[in-house]
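Q: Right, I'll just put the structure down here and ask away after.
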Amino acid sequence: MKKIGFIGLGNMGLPMSANLLKAGYIVYGSDINEKAEDAFQKLGGKISTPVEELTGICEVIFTSLPSNKAAESVYFGKHGLIEQSSNKCILIDTSTISPELHQKIEKAIEENGGQFIAAPVSGGVVGAVNKTLTFMAGGSKTVFDQAFPVMEAMGENIFHISEKVDSGTITKLMNNLLIGYYTWGVAEALTLAEKSGLDLKQLFEVLNVSYGQSRIYERNYESFIAKDDYNPGFTLKLLIKDLQFAMELSEQQQVELPISKTLLANYQKADAKGYGDLDMSIVYKMIQEHNNTNKEEERLV
Ligand SMILES: NC(=O)c1ccc[n+]([C@@H]2O[C@H](COP(=O)([O-])OP(=O)(O)OC[C@H]3O[C@@H](n4cnc5c(N)ncnc54)[C@H](O)[C@@H]3O)[C@@H](O)[C@H]2O)c1
């Protein structure tokens with residue numbers, strides 16, 4: 001496999017496609033944002049090939065998109081990937097979108113004689129840059145095996161969950177439900193620690209080798225909170241999207257998750273305050289600010 005397509009060259013898609021280029025693949029990129037395409041071209045990627053032509057050129061096409069709406073448009077839109085799907089080109093969606101949409105995409109692609117797996121990723125922008133992503137793939141094992149070497153050029157742990165196309169997606173939603181908990185937990189614990197006079201750097205050194213340790217504590221503290229820089233990373237809006245999908249799943253499965261429900265409502269409140277486009281670790285700042293102002297006037301959930 002030599003020619004790869006990559007649609008969605010954002011925080012994740014750009015470094016992922018950069019690793020494909022480094023691995024020697026010819027990569028055709030596409031994004032609705034010109035700046036993203038420019039950055040990709042500077043890395044050696046090919047742009048300006050219409051999406052509808054990519055399935056005729058590429059052996060594998062990856063998508064990395066921010067929402068169900070964007071994925072609907074890329075797959076089902078006029079001249080979209082489904083219309084053009086063929087058994088010569090494997091389509092792989094690495095976005096975290098709803099399990100239902102992954103089922104719908106698989107069905108439509110298979111009806112058109114094409115091949116699809118849904119393979120959401122974890123590991124963040126750092127993992128995308130350092131080629132250490134975890135892939136959680138659902139769908140045909142045969143297709144997964146064919147595409148394995150290409151995914152290996154972008155990640156370290158490549159899992160096939162099951163033949164069910166949304167099995168990787170659901171696995172990813174469980175991952176992000178836990179990320180939601182850890183991120184909020186770190187924000188509250190660090191706010192209380194600081195108010196109580198602890199040094200956050202020392203606290204991190206101690207807890208990082210204790211049971212309070214987590215990869216999210218490490219990520220959120222070292223890369224964002226300690227630097228007081230909340231440029232994303234993984235935006236609060238994207239986390240909310242994933243928590244919403246997880247809550248929809250809990251309703252479908254008739255599983256009551258009371259704390260998760262409250263957690264989502266709190267993140268939505270943070271979004272309503274205008275923090276949505278910043279990294280999710282910004283909730284630390286929000287809780288800190290909330291505690292420095294009149295708590296009675298404005299309650300968190
Ligand atoms: N950022 C992370 O840490 C992270 C980690 C794991 C998984 N994810 C998931 O990966 C996906 C992408 O995340 P991201 O952080 O890179 O988001 P992003 O918003 O930075 O990038 C998405 C890109 O898709 C482009 N796009 C939107 N609609 C498009 C369309 N119709 N056609 C072509 N391009 C289009 C946007 O212009 C943007 O460049 C999301 O589903 C997210 O949940 C993100």
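Residue names in the structure tokens use chain letters A, B, ... in the order shown, residue numbers from 1 in each chain, and ligand numbers from 1 in the order shown.
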Do you know which residues are at most 8 Å from A:His160 counting only C-alpha atoms, after dropping those on the same chain fewer than 3 positions away, and could you put them as a list in words?

A: Met136, Ala137, Gly138, Lys141, Phe144 and Gly168 of chain A

Q: Please produce a file of the residues just selected, as a PDB file, in the first residue's frame, where the atoms kept are N, CA and C atoms.

A:
ATOM      1  N   MET A 136      -8.631   1.582  18.338  1.00  0.00           N
ATOM      2  CA  MET A 136      -9.656   0.639  18.828  1.00  0.00           C
ATOM      3  C   MET A 136     -10.599   0.382  17.660  1.00  0.00           C
ATOM      4  N   ALA A 137     -10.322  -0.697  16.946  1.00  0.00           N
ATOM      5  CA  ALA A 137     -11.038  -0.909  15.690  1.00  0.00           C
ATOM      6  C   ALA A 137     -12.178  -1.912  15.821  1.00  0.00           C
ATOM      7  N   GLY A 138     -13.270  -1.600  15.133  1.00  0.00           N
ATOM      8  CA  GLY A 138     -14.395  -2.528  15.030  1.00  0.00           C
ATOM      9  C   GLY A 138     -14.713  -2.736  13.562  1.00  0.00           C
ATOM     10  N   LYS A 141     -12.340  -8.291  10.395  1.00  0.00           N
ATOM     11  CA  LYS A 141     -10.953  -8.576  10.798  1.00  0.00           C
ATOM     12  C   LYS A 141     -10.049  -8.661   9.561  1.00  0.00           C
ATOM     13  N   PHE A 144      -9.242  -5.184   8.703  1.00  0.00           N
ATOM     14  CA  PHE A 144      -8.333  -4.698   9.751  1.00  0.00           C
ATOM     15  C   PHE A 144      -6.908  -5.196   9.476  1.00  0.00           C
ATOM     16  N   GLY A 168     -15.271  -0.789  18.618  1.00  0.00           N
ATOM     17  CA  GLY A 168     -14.148   0.099  18.954  1.00  0.00           C
ATOM     18  C   GLY A 168     -14.655   1.456  19.417  1.00  0.00           C
TER      19      GLY A 168
END

Q: Give me, as an MDAnalysis selection string, the set of residues whose atoms come within 7 Å of any atom of ligand 1, counting only C-alpha atoms and all ligand atoms.

A: chainID A and resid 7:13 30:33 36 64:67 70:71 73:74 94:97 120:125 233:235 238:239 242

Q: Export C-alpha atoms of the chosen residues as a PDB file, in the first residue's frame?

A:
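And here's result21.pdb as it stands now:
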ATOM      1  CA  ILE A   7      -9.650  13.783   5.361  1.00  0.00           C
ATOM      2  CA  GLY A   8      -9.678  16.109   8.383  1.00  0.00           C
ATOM      3  CA  LEU A   9      -6.237  17.589   9.029  1.00  0.00           C
ATOM      4  CA  GLY A  10      -6.896  19.092  12.462  1.00  0.00           C
ATOM      5  CA  ASN A  11      -5.171  18.672  15.822  1.00  0.00           C
ATOM      6  CA  MET A  12      -5.084  14.884  15.326  1.00  0.00           C
ATOM      7  CA  GLY A  13      -5.263  14.458  11.540  1.00  0.00           C
ATOM      8  CA  SER A  30      -8.319  17.255   2.398  1.00  0.00           C
ATOM      9  CA  ASP A  31      -9.814  19.693   4.887  1.00  0.00           C
ATOM     10  CA  ILE A  32     -12.444  22.430   4.664  1.00  0.00           C
ATOM     11  CA  ASN A  33      -9.960  24.689   6.448  1.00  0.00           C
ATOM     12  CA  ALA A  36      -4.917  23.020   7.722  1.00  0.00           C
ATOM     13  CA  SER A  64     -10.530  12.364  11.431  1.00  0.00           C
ATOM     14  CA  LEU A  65     -13.575  14.582  11.896  1.00  0.00           C
ATOM     15  CA  PRO A  66     -14.969  16.633  14.772  1.00  0.00           C
ATOM     16  CA  SER A  67     -18.646  15.654  14.789  1.00  0.00           C
ATOM     17  CA  ALA A  70     -18.972  16.509   9.595  1.00  0.00           C
ATOM     18  CA  ALA A  71     -18.798  12.721   9.192  1.00  0.00           C
ATOM     19  CA  SER A  73     -21.172  15.259   5.142  1.00  0.00           C
ATOM     20  CA  VAL A  74     -17.867  13.553   4.216  1.00  0.00           C
ATOM     21  CA  THR A  94     -10.710   7.392  13.324  1.00  0.00           C
ATOM     22  CA  SER A  95     -13.170  10.025  14.594  1.00  0.00           C
ATOM     23  CA  THR A  96     -15.136   9.556  17.791  1.00  0.00           C
ATOM     24  CA  ILE A  97     -18.689   9.756  16.503  1.00  0.00           C
ATOM     25  CA  PRO A 120     -11.256   5.643  17.006  1.00  0.00           C
ATOM     26  CA  VAL A 121      -7.916   6.561  18.556  1.00  0.00           C
ATOM     27  CA  SER A 122      -6.650   7.553  21.984  1.00  0.00           C
ATOM     28  CA  GLY A 123      -3.421   9.160  23.128  1.00  0.00           C
ATOM     29  CA  GLY A 124      -4.077  12.788  22.281  1.00  0.00           C
ATOM     30  CA  VAL A 125      -2.087  15.139  20.101  1.00  0.00           C
ATOM     31  CA  GLY A 233      -5.069  19.593  22.772  1.00  0.00           C
ATOM     32  CA  PHE A 234      -8.488  18.120  23.142  1.00  0.00           C
ATOM     33  CA  THR A 235     -11.182  20.731  23.340  1.00  0.00           C
ATOM     34  CA  LEU A 238     -15.026  17.397  21.858  1.00  0.00           C
ATOM     35  CA  LEU A 239     -15.117  15.888  25.358  1.00  0.00           C
ATOM     36  CA  ASP A 242     -18.141  12.043  23.662  1.00  0.00           C
TER      37      ASP A 242
END

Q: Which residues are near A:Lys164? Cut-off 12 Å, only C-alpha atoms, ignore same chain within fewer than 4 positions. Put them as a count of residues only.

A: 21

Q: Find the residues near A:Ala272: any atom within 12 Å, counting only C-alpha atoms, skip ones fewer than 6 places away on the same chain, and give them as a list in words.

A: Leu236, Lys237, Ile240, Ala265, Asn266, Met286 and Leu300 of chain A

Q: Counting only C-alpha atoms, which residue out of A:Thr142, A:Glu156, A:Gly56, A:Lys22 sits closest to A:Gly127?

A: A:Glu156

Q: Go through A:Cys58, A:Ala39, A:Ala153, A:Val186 and flag the residue nearest A:Gly24, using only C-alpha atoms for the distances.

A: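 The closest residue to A:Gly24 is A:Ala153.
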
Q: Go ahead and compute the interatomic distance for atom CA of A:Lys227 and atom CA of A:Thr262, in Å to one decimal.

A: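 That distance, rounded to one decimal, is 28.7 Å.
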
Q: Pick out the residues sitting within 7 Å of A:Ala187, and hand them over as a list in words; count only C-alpha atoms, and ignore anything fewer than 6 positions along from it in its own chain.

A: Val283, Tyr284 and Ile287 of chain A

Q: Write out as a PyMOL selection string which residues come within 10 Å of A:Asn231 when counting only C-alpha atoms, dropping same-chain ones fewer than 5 positions away.

A: chain A and resi 223-224+277-282

Q: Would you mind listing what lies within 10 Å of A:Ser85 as a compact mmCIF listing (two decimals) with N, CA and C atoms, in the first residue's frame, with only C-alpha atoms counted and same-chain residues fewer than 6 positions away left out?

A:
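Saved the output as result_3.txt:
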# COMPACT_ATOMS: atom_id res chain seq x y z
N GLU A 52 -14.01 13.08 -4.21
CA GLU A 52 -14.63 12.02 -5.01
C GLU A 52 -13.62 11.26 -5.88
N LEU A 54 -10.51 10.53 -4.66
CA LEU A 54 -9.55 9.86 -3.77
C LEU A 54 -9.71 8.34 -3.74
N THR A 55 -10.97 7.86 -3.78
CA THR A 55 -11.17 6.40 -3.69
C THR A 55 -10.60 5.68 -4.92
N GLY A 56 -10.48 6.39 -6.03
CA GLY A 56 -9.89 5.78 -7.23
C GLY A 56 -8.37 5.78 -7.19
N TYR A 75 -19.05 11.42 4.38
CA TYR A 75 -19.41 10.08 3.90
C TYR A 75 -20.66 10.09 3.01
N LEU A 91 -11.87 2.24 3.69
CA LEU A 91 -12.18 3.50 4.38
C LEU A 91 -12.10 3.26 5.89
N ALA A 108 -23.98 1.33 4.52
CA ALA A 108 -24.04 1.99 3.21
C ALA A 108 -22.82 1.63 2.36
N ILE A 109 -21.64 1.56 3.00
CA ILE A 109 -20.43 1.23 2.23
C ILE A 109 -20.48 -0.22 1.74
N GLU A 110 -20.93 -1.11 2.61
CA GLU A 110 -21.00 -2.52 2.19
C GLU A 110 -22.01 -2.71 1.06
N GLU A 111 -23.11 -1.96 1.13
CA GLU A 111 -24.12 -2.05 0.05
C GLU A 111 -23.53 -1.59 -1.29
N ASN A 112 -22.53 -0.70 -1.19
CA ASN A 112 -21.89 -0.18 -2.41
C ASN A 112 -20.68 -1.03 -2.81
N GLY A 113 -20.45 -2.11 -2.07
CA GLY A 113 -19.33 -2.99 -2.40
C GLY A 113 -18.00 -2.52 -1.84
N GLY A 114 -18.03 -1.58 -0.92
CA GLY A 114 -16.78 -1.06 -0.36
C GLY A 114 -16.41 -1.71 0.97
N GLN A 115 -15.31 -1.25 1.56
CA GLN A 115 -14.82 -1.83 2.81
C GLN A 115 -14.58 -0.74 3.83
N PHE A 116 -15.02 -1.01 5.07
CA PHE A 116 -14.95 0.04 6.10
C PHE A 116 -14.65 -0.57 7.46

Q: Pick the closest to A:Lys172 from A:Phe159, A:Thr132, A:Lys273, A:Leu263: which is it, counting only C-alpha atoms?

A: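 When distances to A:Lys172 are compared using only C-alpha atoms, the smallest one comes from A:Phe159.
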
Q: Tell me, which residues of stretch 70-105 of chain A carry DSSP alpha helix (DSSP H), written as an NGL selection string?

A: :A and (70-76 or 81-84 or 99-105)

Q: For A:Lys69, which residue out of A:Leu101, A:Val129, A:Leu178, A:Ile216 is the nearest one, using only C-alpha atoms?

A: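 For A:Lys69, the nearest of the candidates is A:Leu101.
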
Q: Can you check which residues of stretch 23-267 of chain A DSSP gives as strand (DSSP E) on the backbone and send them as an MDAnalysis selection string?

A: chainID A and resid 26:30 60:63 90:93 115:118 121:122 133:139 155:162

Q: For the residues in that selection, give me N, CA and C atoms as a short mmCIF file (atom, residue, chain, number, x, y, z; two decimals), in the first residue's frame.

A:
data_model
loop_
_atom_site.label_atom_id
_atom_site.label_comp_id
_atom_site.auth_asym_id
_atom_site.auth_seq_id
_atom_site.Cartn_x
_atom_site.Cartn_y
_atom_site.Cartn_z
N ILE A 26 2.63 8.06 0.09
CA ILE A 26 2.20 9.27 -0.63
C ILE A 26 0.83 9.59 -0.03
N VAL A 27 0.69 10.79 0.53
CA VAL A 27 -0.56 11.07 1.26
C VAL A 27 -1.31 12.23 0.61
N TYR A 28 -2.59 11.98 0.31
CA TYR A 28 -3.49 13.00 -0.26
C TYR A 28 -4.38 13.50 0.86
N GLY A 29 -4.31 14.80 1.16
CA GLY A 29 -5.07 15.33 2.28
C GLY A 29 -6.21 16.23 1.83
N SER A 30 -7.21 16.35 2.69
CA SER A 30 -8.32 17.26 2.40
C SER A 30 -8.92 17.78 3.70
N VAL A 60 -6.05 3.22 0.96
CA VAL A 60 -6.74 3.41 2.25
C VAL A 60 -7.05 4.90 2.38
N ILE A 61 -8.23 5.22 2.89
CA ILE A 61 -8.53 6.63 3.22
C ILE A 61 -8.95 6.70 4.68
N PHE A 62 -8.28 7.58 5.43
CA PHE A 62 -8.63 7.81 6.83
C PHE A 62 -9.46 9.09 6.93
N THR A 63 -10.38 9.10 7.90
CA THR A 63 -11.07 10.35 8.22
C THR A 63 -10.86 10.64 9.71
N ILE A 90 -9.94 0.90 1.12
CA ILE A 90 -10.45 0.68 2.48
C ILE A 90 -10.69 2.05 3.12
N LEU A 91 -11.87 2.24 3.69
CA LEU A 91 -12.18 3.50 4.38
C LEU A 91 -12.10 3.26 5.89
N ILE A 92 -11.38 4.13 6.60
CA ILE A 92 -11.22 3.96 8.05
C ILE A 92 -11.54 5.27 8.75
N ASP A 93 -12.56 5.24 9.58
CA ASP A 93 -12.88 6.46 10.34
C ASP A 93 -12.24 6.38 11.72
N GLN A 115 -15.31 -1.25 1.56
CA GLN A 115 -14.82 -1.83 2.81
C GLN A 115 -14.58 -0.74 3.83
N PHE A 116 -15.02 -1.01 5.07
CA PHE A 116 -14.95 0.04 6.10
C PHE A 116 -14.65 -0.57 7.46
N ILE A 117 -13.79 0.11 8.24
CA ILE A 117 -13.72 -0.17 9.67
C ILE A 117 -13.75 1.16 10.44
N ALA A 118 -14.31 1.10 11.63
CA ALA A 118 -14.33 2.28 12.50
C ALA A 118 -13.23 2.08 13.54
N VAL A 121 -9.27 6.60 17.99
CA VAL A 121 -7.92 6.56 18.56
C VAL A 121 -7.88 7.25 19.92
N SER A 122 -6.88 6.88 20.71
CA SER A 122 -6.65 7.55 21.98
C SER A 122 -5.16 7.82 22.13
N LEU A 133 -0.23 6.33 19.37
CA LEU A 133 -1.69 6.23 19.54
C LEU A 133 -2.14 4.79 19.77
N THR A 134 -3.27 4.68 20.46
CA THR A 134 -3.97 3.41 20.55
C THR A 134 -5.13 3.46 19.56
N PHE A 135 -5.23 2.43 18.71
CA PHE A 135 -6.37 2.32 17.79
C PHE A 135 -7.33 1.27 18.35
N MET A 136 -8.63 1.58 18.34
CA MET A 136 -9.66 0.64 18.83
C MET A 136 -10.60 0.38 17.66
N ALA A 137 -10.32 -0.70 16.95
CA ALA A 137 -11.04 -0.91 15.69
C ALA A 137 -12.18 -1.91 15.82
N GLY A 138 -13.27 -1.60 15.13
CA GLY A 138 -14.39 -2.53 15.03
C GLY A 138 -14.71 -2.74 13.56
N GLY A 139 -15.13 -3.98 13.22
CA GLY A 139 -15.47 -4.27 11.83
C GLY A 139 -14.71 -5.51 11.35
N GLY A 155 0.58 4.53 15.15
CA GLY A 155 0.27 4.18 16.54
C GLY A 155 1.10 3.03 17.06
N GLU A 156 0.92 2.76 18.35
CA GLU A 156 1.74 1.75 19.04
C GLU A 156 0.90 0.53 19.41
N ASN A 157 -0.36 0.78 19.80
CA ASN A 157 -1.24 -0.30 20.24
C ASN A 157 -2.46 -0.33 19.34
N ILE A 158 -2.50 -1.34 18.48
CA ILE A 158 -3.57 -1.40 17.47
C ILE A 158 -4.45 -2.60 17.81
N PHE A 159 -5.65 -2.33 18.32
CA PHE A 159 -6.54 -3.41 18.76
C PHE A 159 -7.68 -3.63 17.78
N HIS A 160 -7.99 -4.91 17.52
CA HIS A 160 -9.24 -5.24 16.84
C HIS A 160 -10.19 -5.70 17.95
N ILE A 161 -11.26 -4.95 18.18
CA ILE A 161 -12.14 -5.28 19.31
C ILE A 161 -13.07 -6.44 18.93
N SER A 162 -13.82 -6.26 17.83
CA SER A 162 -14.65 -7.37 17.34
C SER A 162 -15.12 -7.04 15.92
#
